[in-house]
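Okay, protein-v1.tsv now, which holds TSV, C-alpha atoms:
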chain	number	residue	atom	x	y	z
A	10	MET	CA	113.79	105.79	126.74
A	11	SER	CA	111.39	106.29	123.84
A	12	ARG	CA	109.74	109.69	123.58
A	13	VAL	CA	106.13	110.15	124.59
A	14	PRO	CA	104.53	113.24	123.01
A	15	ALA	CA	103.41	115.93	125.44
A	16	LEU	CA	100.05	115.67	123.65
A	17	PHE	CA	99.52	112.15	124.99
A	18	ARG	CA	100.55	113.15	128.49
A	19	ALA	CA	97.99	115.97	128.51
A	20	PHE	CA	95.25	113.97	126.72
A	21	PRO	CA	95.95	110.29	127.52
A	22	ARG	CA	92.89	108.97	125.70
A	23	LEU	CA	94.18	110.35	122.40
A	24	SER	CA	96.95	107.76	122.37
A	25	GLU	CA	94.27	105.09	121.96
A	26	ARG	CA	92.89	106.57	118.72
A	27	VAL	CA	95.72	108.62	117.19
A	28	SER	CA	98.65	107.08	115.34
A	29	TRP	CA	102.07	108.66	115.81
A	30	LEU	CA	105.63	108.15	114.56
A	31	ALA	CA	108.81	109.53	116.12
A	32	LEU	CA	110.48	111.42	113.25
A	33	GLY	CA	111.98	114.48	114.91
A	34	GLN	CA	114.22	115.50	117.76
A	35	PHE	CA	112.14	116.99	120.57
A	36	PRO	CA	111.89	119.01	122.68
A	37	THR	CA	113.54	121.69	120.57
A	38	PRO	CA	115.64	124.20	122.52
A	39	VAL	CA	114.57	127.64	123.66
A	40	GLU	CA	117.30	130.29	123.59
A	41	SER	CA	117.64	133.77	125.04
A	42	HIS	CA	118.99	136.36	122.59
A	43	PRO	CA	119.96	140.02	122.87
A	44	ALA	CA	116.80	142.08	122.65
A	45	VAL	CA	116.14	144.38	119.71
A	46	GLY	CA	114.50	147.78	119.97
A	47	GLU	CA	112.72	148.46	123.24
A	48	LEU	CA	111.51	144.98	124.13
A	49	ASP	CA	112.82	143.58	127.41
A	50	GLU	CA	113.55	139.96	126.49
A	51	LEU	CA	113.81	137.99	123.26
A	52	TRP	CA	113.56	134.21	123.23
A	53	ILE	CA	113.64	131.91	120.20
A	54	LYS	CA	111.99	128.49	119.98
A	55	ARG	CA	114.36	126.53	117.76
A	56	ASP	CA	112.04	124.37	115.70
A	57	ASP	CA	114.63	124.79	112.95
A	58	LEU	CA	116.41	122.01	114.91
A	59	SER	CA	113.41	119.66	114.91
A	60	GLY	CA	115.05	117.02	112.72
A	61	ALA	CA	118.58	115.87	111.89
A	62	ALA	CA	117.67	115.21	108.25
A	63	TYR	CA	115.41	118.25	107.89
A	64	GLY	CA	113.86	120.48	110.52
A	65	GLY	CA	111.23	123.20	110.64
A	66	ASN	CA	107.57	123.10	111.54
A	67	LYS	CA	106.55	120.35	109.11
A	68	VAL	CA	108.27	117.62	111.13
A	69	ARG	CA	105.81	117.91	114.01
A	70	LYS	CA	102.87	117.64	111.62
A	71	LEU	CA	104.32	114.72	109.67
A	72	GLU	CA	104.77	112.66	112.83
A	73	PHE	CA	100.97	112.38	112.94
A	74	LEU	CA	100.18	112.53	109.21
A	75	LEU	CA	102.61	109.85	108.07
A	76	ALA	CA	101.56	107.62	110.94
A	77	GLU	CA	97.98	107.97	109.74
A	78	ALA	CA	99.10	107.08	106.20
A	79	LYS	CA	100.89	103.99	107.52
A	80	ALA	CA	97.81	102.97	109.48
A	81	ALA	CA	95.77	103.29	106.28
A	82	ARG	CA	98.29	100.97	104.53
A	83	ALA	CA	99.05	103.64	101.94
A	84	THR	CA	102.10	103.31	99.70
A	85	ARG	CA	101.91	106.76	98.08
A	86	LEU	CA	101.48	110.27	99.43
A	87	CYS	CA	100.05	113.17	97.46
A	88	THR	CA	100.03	116.84	98.37
A	89	VAL	CA	100.37	120.36	96.99
A	90	GLY	CA	102.54	123.44	97.52
A	91	GLY	CA	104.46	126.22	95.82
A	92	TYR	CA	107.49	125.45	93.66
A	93	GLY	CA	109.70	126.09	96.69
A	94	SER	CA	107.39	124.51	99.28
A	95	HIS	CA	109.12	123.34	102.45
A	96	HIS	CA	106.05	121.20	103.12
A	97	VAL	CA	106.55	119.32	99.85
A	98	LEU	CA	110.27	118.98	100.61
A	99	ALA	CA	109.71	117.64	104.13
A	100	THR	CA	107.01	115.24	102.89
A	101	ALA	CA	109.37	113.99	100.17
A	102	LEU	CA	112.23	113.47	102.60
A	103	TYR	CA	110.39	111.79	105.47
A	104	GLY	CA	108.08	109.99	103.05
A	105	LYS	CA	111.09	108.45	101.32
A	106	GLN	CA	112.54	107.38	104.67
A	107	LEU	CA	109.33	105.46	105.37
A	108	GLY	CA	109.10	103.90	101.91
A	109	PHE	CA	106.37	106.07	100.38
A	110	GLU	CA	106.23	107.32	96.81
A	111	VAL	CA	105.51	111.06	96.88
A	112	ASP	CA	103.49	112.97	94.28
A	113	ALA	CA	103.04	116.74	94.55
A	114	ALA	CA	101.23	119.35	92.52
A	115	VAL	CA	103.29	122.55	92.61
A	116	PHE	CA	102.27	126.07	91.67
A	117	PRO	CA	104.23	129.16	90.57
A	118	GLN	CA	105.92	131.58	92.94
A	119	PRO	CA	108.76	134.08	92.45
A	120	ILE	CA	111.87	132.09	91.49
A	121	THR	CA	114.71	132.70	93.91
A	122	ALA	CA	117.93	130.78	94.45
A	123	HIS	CA	116.30	129.13	97.45
A	124	VAL	CA	113.30	128.00	95.38
A	125	ARG	CA	115.63	126.47	92.80
A	126	GLU	CA	117.47	124.59	95.52
A	127	VAL	CA	114.23	123.25	97.02
A	128	VAL	CA	113.04	121.95	93.62
A	129	LYS	CA	116.36	120.19	93.05
A	130	VAL	CA	116.21	118.60	96.51
A	131	ASP	CA	112.65	117.38	95.82
A	132	LEU	CA	113.83	115.70	92.63
A	133	ALA	CA	116.95	114.26	94.27
A	134	LEU	CA	114.65	112.64	96.86
A	135	GLY	CA	112.63	111.03	94.09
A	136	ALA	CA	109.49	113.13	94.47
A	137	HIS	CA	107.23	113.31	91.42
A	138	LEU	CA	106.36	116.96	90.78
A	139	TYR	CA	103.38	117.99	88.67
A	140	PRO	CA	103.72	121.70	87.86
A	141	ALA	CA	100.79	124.01	87.30
A	142	ARG	CA	101.69	126.76	84.87
A	143	SER	CA	99.44	129.21	86.74
A	144	ARG	CA	97.20	129.35	89.81
A	145	LEU	CA	94.21	128.86	87.48
A	146	SER	CA	95.52	125.50	86.29
A	147	LEU	CA	96.39	124.29	89.81
A	148	PRO	CA	93.09	122.36	90.26
A	149	LEU	CA	93.99	120.27	87.19
A	150	ALA	CA	97.43	119.48	88.62
A	151	ILE	CA	95.90	118.53	91.97
A	152	ALA	CA	93.35	116.30	90.23
A	153	LYS	CA	96.19	114.57	88.39
A	154	VAL	CA	98.09	113.68	91.56
A	155	ARG	CA	94.93	112.62	93.40
A	156	ARG	CA	94.04	110.22	90.58
A	157	LEU	CA	97.26	108.37	91.39
A	158	GLY	CA	95.54	107.14	94.53
A	159	GLY	CA	97.93	108.33	97.21
A	160	PHE	CA	97.11	109.28	100.78
A	161	TRP	CA	96.10	112.95	100.60
A	162	ILE	CA	97.97	115.45	102.80
A	163	ALA	CA	96.45	118.92	102.93
A	164	PRO	CA	98.53	121.98	101.91
A	165	GLY	CA	101.13	122.66	104.57
A	166	GLY	CA	100.00	119.54	106.41
A	167	SER	CA	97.28	121.73	107.92
A	168	SER	CA	94.47	119.34	108.72
A	169	VAL	CA	93.26	118.46	112.20
A	170	ARG	CA	95.73	115.54	112.34
A	171	GLY	CA	98.55	117.78	111.19
A	172	SER	CA	97.64	120.45	113.71
A	173	LEU	CA	98.11	117.90	116.49
A	174	GLY	CA	101.83	118.37	115.92
A	175	TYR	CA	101.57	121.92	117.19
A	176	VAL	CA	99.21	121.09	119.99
A	177	ASP	CA	102.11	118.89	121.06
A	178	GLY	CA	104.56	121.75	120.41
A	179	ALA	CA	102.54	124.14	122.55
A	180	LEU	CA	102.37	121.63	125.40
A	181	GLU	CA	106.12	121.09	125.04
A	182	LEU	CA	106.64	124.84	125.49
A	183	VAL	CA	104.44	124.83	128.62
A	184	GLU	CA	106.57	122.03	130.07
A	185	GLN	CA	109.74	123.99	129.32
A	186	ILE	CA	108.28	127.00	131.13
A	187	GLU	CA	107.35	124.79	134.09
A	188	ARG	CA	110.93	123.43	134.20
A	189	GLY	CA	112.28	126.98	134.31
A	190	GLU	CA	113.96	126.89	130.88
A	191	LEU	CA	112.29	130.18	129.98
A	192	PRO	CA	109.76	132.55	131.57
A	193	PRO	CA	106.19	132.79	130.20
A	194	PRO	CA	106.24	134.96	127.06
A	195	ASP	CA	103.89	137.92	126.71
A	196	VAL	CA	103.85	137.63	122.91
A	197	ILE	CA	104.68	134.79	120.50
A	198	TYR	CA	105.54	135.73	116.91
A	199	VAL	CA	105.05	133.01	114.28
A	200	ALA	CA	104.41	132.84	110.54
A	201	LEU	CA	100.81	132.19	109.45
A	202	GLY	CA	100.49	130.22	106.23
A	203	SER	CA	98.17	127.25	105.95
A	204	CYS	CA	97.02	127.89	109.56
A	205	GLY	CA	97.86	124.49	111.08
A	206	THR	CA	100.77	125.69	113.20
A	207	VAL	CA	98.83	128.57	114.77
A	208	ALA	CA	95.66	126.50	115.24
A	209	GLY	CA	97.67	123.85	117.07
A	210	LEU	CA	99.51	126.40	119.21
A	211	PHE	CA	96.26	128.00	120.31
A	212	ALA	CA	94.64	124.65	121.09
A	213	GLY	CA	97.64	123.49	123.13
A	214	LEU	CA	98.07	126.74	125.07
A	215	ARG	CA	94.35	127.19	125.76
A	216	GLY	CA	93.76	127.04	129.48
A	217	ARG	CA	97.51	126.88	130.17
A	218	LEU	CA	99.23	130.10	129.13
A	219	ARG	CA	98.03	133.68	128.82
A	220	THR	CA	99.92	135.12	125.86
A	221	GLU	CA	99.26	136.83	122.54
A	222	ILE	CA	99.99	134.76	119.45
A	223	ARG	CA	100.93	137.29	116.79
A	224	ALA	CA	100.36	135.34	113.59
A	225	VAL	CA	102.10	137.08	110.69
A	226	ARG	CA	100.28	136.30	107.44
A	227	VAL	CA	102.61	135.23	104.63
A	228	VAL	CA	100.15	133.83	102.06
A	229	ASP	CA	97.11	135.17	100.19
A	230	ARG	CA	94.06	136.20	102.22
A	231	LEU	CA	91.89	133.89	100.11
A	232	VAL	CA	93.42	130.83	101.79
A	233	CYS	CA	94.67	132.42	105.01
A	234	ASN	CA	92.17	134.42	107.00
A	235	ARG	CA	90.34	134.52	110.32
A	236	THR	CA	87.53	132.25	109.10
A	237	VAL	CA	89.90	129.52	107.90
A	238	LEU	CA	91.95	129.74	111.08
A	239	ASN	CA	88.90	129.67	113.37
A	240	ARG	CA	87.44	126.62	111.63
A	241	LEU	CA	90.66	124.62	111.90
A	242	THR	CA	91.19	125.72	115.51
A	243	ALA	CA	87.65	124.74	116.50
A	244	ALA	CA	87.95	121.36	114.78
A	245	THR	CA	91.28	120.69	116.51
A	246	LEU	CA	89.89	121.62	119.94
A	247	LYS	CA	86.90	119.33	119.38
A	248	PHE	CA	89.11	116.45	118.26
A	249	ILE	CA	91.38	116.54	121.31
A	250	GLY	CA	88.43	116.92	123.67
A	251	ALA	CA	89.60	120.23	125.09
A	252	PRO	CA	87.70	121.69	128.08
A	253	SER	CA	84.74	123.95	127.38
A	254	ARG	CA	84.97	127.70	127.92
A	255	ALA	CA	83.14	127.36	131.24
A	256	GLN	CA	85.80	124.95	132.52
A	257	LEU	CA	88.74	127.18	131.60
A	258	THR	CA	90.76	129.58	133.70
A	259	ASP	CA	91.86	132.94	132.31
A	260	GLU	CA	95.20	131.38	131.33
A	261	SER	CA	94.45	131.23	127.61
A	262	PRO	CA	96.02	132.86	124.56
A	263	THR	CA	94.62	135.32	122.08
A	264	ILE	CA	95.43	135.44	118.36
A	265	ALA	CA	96.17	138.64	116.45
A	266	ILE	CA	96.62	138.22	112.68
A	267	ASP	CA	99.21	140.65	111.32
A	268	HIS	CA	98.67	141.46	107.63
A	269	ARG	CA	101.38	144.12	107.26
A	270	PHE	CA	104.30	142.07	105.97
A	271	PHE	CA	102.87	139.82	103.25
A	272	GLY	CA	104.12	141.98	100.39
A	273	ARG	CA	102.62	142.00	96.92
A	274	ALA	CA	102.55	138.23	96.30
A	275	TYR	CA	103.22	134.87	97.91
A	276	GLY	CA	106.91	134.12	98.00
A	277	ARG	CA	107.97	137.60	96.87
A	278	PRO	CA	110.75	138.97	99.08
A	279	THR	CA	110.22	142.30	100.81
A	280	ALA	CA	112.73	144.88	102.00
A	281	GLU	CA	111.66	144.40	105.63
A	282	GLY	CA	111.92	140.63	105.30
A	283	ASP	CA	115.38	140.78	103.72
A	284	GLU	CA	116.58	143.06	106.51
A	285	ALA	CA	115.11	140.75	109.15
A	286	VAL	CA	116.84	137.72	107.62
A	287	ALA	CA	120.13	139.62	107.80
A	288	ASP	CA	119.45	140.68	111.41
A	289	ALA	CA	118.72	137.08	112.40
A	290	ALA	CA	121.87	135.84	110.67
A	291	LYS	CA	123.94	138.11	112.93
A	292	MET	CA	122.34	136.26	115.85
A	293	GLY	CA	123.25	132.88	114.38
A	294	ILE	CA	119.66	132.18	113.29
A	295	ARG	CA	118.95	131.10	109.71
A	296	LEU	CA	115.69	132.35	108.19
A	297	GLU	CA	114.26	132.64	104.66
A	298	THR	CA	112.32	135.35	102.88
A	299	THR	CA	108.91	133.71	102.32
A	300	TYR	CA	107.79	132.75	105.86
A	301	THR	CA	110.14	133.27	108.78
A	302	GLY	CA	111.83	136.41	107.44
A	303	LYS	CA	108.48	138.19	107.22
A	304	ALA	CA	107.43	136.96	110.67
A	305	PHE	CA	110.69	138.15	112.21
A	306	ALA	CA	110.33	141.46	110.35
A	307	ALA	CA	107.06	142.05	112.22
A	308	LEU	CA	108.85	141.45	115.52
A	309	VAL	CA	111.75	143.76	114.65
A	310	VAL	CA	109.52	146.60	113.44
A	311	ASP	CA	107.29	146.35	116.52
A	312	ALA	CA	110.31	146.26	118.83
A	313	LYS	CA	111.88	149.33	117.25
A	314	SER	CA	108.59	151.25	117.33
A	315	GLY	CA	108.25	150.75	121.08
A	316	ARG	CA	105.14	148.62	120.72
A	317	LEU	CA	106.82	145.80	122.66
A	318	LYS	CA	108.31	147.96	125.40
A	319	GLY	CA	108.35	146.02	128.64
A	320	LYS	CA	107.33	142.79	126.88
A	321	ARG	CA	108.89	139.34	126.96
A	322	VAL	CA	108.77	138.02	123.37
A	323	LEU	CA	109.20	134.53	121.89
A	324	PHE	CA	109.91	134.03	118.19
A	325	TRP	CA	108.93	130.56	116.98
A	326	ASN	CA	111.38	129.67	114.21
A	327	THR	CA	109.57	127.35	111.79
A	328	PHE	CA	112.36	127.16	109.18
A	329	SER	CA	114.90	124.33	108.90
A	330	SER	CA	118.54	125.05	109.66
A	331	VAL	CA	119.75	121.88	107.88
A	332	ASP	CA	121.93	122.64	104.85
A	333	LEU	CA	120.71	120.56	101.90
A	334	THR	CA	123.15	121.95	99.32
A	335	SER	CA	124.88	118.61	98.78
A	336	LEU	CA	121.54	116.93	98.13
A	337	ALA	CA	120.50	119.66	95.69
A	338	GLU	CA	123.68	119.05	93.70
A	339	GLN	CA	122.45	115.54	92.90
A	340	ALA	CA	119.67	116.80	90.59
A	341	ASP	CA	119.30	119.20	87.69
A	342	LEU	CA	116.66	121.88	87.36
A	343	PRO	CA	113.60	120.67	85.41
A	344	ASN	CA	112.86	122.33	82.10
A	345	TRP	CA	109.44	123.49	83.34
A	346	LEU	CA	110.95	125.74	86.04
A	347	PRO	CA	111.24	129.34	84.76
A	348	LEU	CA	114.69	130.88	84.95
A	349	GLN	CA	113.28	133.85	86.90
Write-out of the structure in structure tokens:
Amino acid sequence: MSRVPALFRAFPRLSERVSWLALGQFPTPVESHPAVGELDELWIKRDDLSGAAYGGNKVRKLEFLLAEAKAARATRLCTVGGYGSHHVLATALYGKQLGFEVDAAVFPQPITAHVREVVKVDLALGAHLYPARSRLSLPLAIAKVRRLGGFWIAPGGSSVRGSLGYVDGALELVEQIERGELPPPDVIYVALGSCGTVAGLFAGLRGRLRTEIRAVRVVDRLVCNRTVLNRLTAATLKFIGAPSRAQLTDESPTIAIDHRFFGRAYGRPTAEGDEAVADAAKMGIRLETTYTGKAFAALVVDAKSGRLKGKRVLFWNTFSSVDLTSLAEQADLPNWLPLQ
């Protein structure tokens, strides 16, 4: 039986005006893990298993974004991200599967082994990368890729259409709770980057689940802040035709933005993040140091401090657990990528 998104079950009229493609493997599992610190229960939402070819949070967004590109009869996609952007990688991989050419402006970030691997995978997939030498020259790189005439995908896939992927993810979680696969979480920890994942989660859980979404900021405040998040959330709620405040019960989430674990720059590893990645690895969970490691670090620190005592916590893993080493070996590093 073909999959019907939870989004369309909750908002049937959306299926008449929203294009969608089945790219991923959903629902993703929820797992109980040994608790850390003083929290009572730890659950993990395994969106790292969202796709056989490549998982993580971008797959949910691309199911709606690439469908929209197909509906627009586009043949090229254009987007932007850091040198090691998982969004660019996922767009390159799923875009190639659907026959799109992919152009991406990419900007500098600290060069780690993981970043080098991501760049090589992008090139192996045939993506055309247009590097900006600095953040100041990024607008010129973006202008270059947009002149190529491709279908524009916002950074991180975080537009209203992209956010629909996490409205669907939130509704999927509610269905899993209703089936008894996990109890309702008191707190959900998730990385906050381009805001689309958190905006979608809030919109999908609104009126259905009383929980705190602890959004751990992992990018610069200039592009990731309460104003940006509120605007995208409001636009997503309006688009899906969500009930007004007066029609809602008290079963709605709150969002707390956690700024403590960003570090000194985007993509720069932190001691807490490195330790959290190692802690997760002992649990059989693969994380990285830019997004999910910092989000899990917030959870671990709060658990050990007693802040989560008596709480049931869900960590939403937005990384991909698929090993792409063999694909990376098919390409060489470009000469524009700094050695460190």
Best match for closeness to Ala114 (chain A) among A:Cys87, A:Val322, A:Leu214, A:Ala61, counting only C-alpha atoms: A:Cys87
Residue list as a list of chain:residue names for point (97.9, 120.9, 100.3), cut-off 10 Å, all atoms listed in the file: A:Cys87, A:Thr88, A:Val89, A:Gly90, A:Gly91, A:His96, A:Val97, A:Ala113, A:Ala114, A:Val115, A:Ile151, A:Trp161, A:Ile162, A:Ala163, A:Pro164, A:Gly165, A:Gly166, A:Ser167, A:Ser168, A:Ser203
From A:Ala80, A:Lys291, A:Asn66, A:Val39, residue lying nearest Cys204 (chain A) [only C-alpha atoms]: A:Asn66
Separation of CA of Pro119 (chain A) from CA of Leu346 (chain A), in Å and rounded to one decimal: 10.7 Å
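The residue set within 9 Å of Ala244 (chain A), counting only C-alpha atoms and dropping same-chain residues fewer than 5 places from it, reads Val169, Asn239 and Ile249 of chain A.
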Polymer residues at most 9 Å from Ser261 (chain A), all atoms listed in the file, same-chain spacing of 6 or more positions, as a ChimeraX atom specification: /A:211,214-221
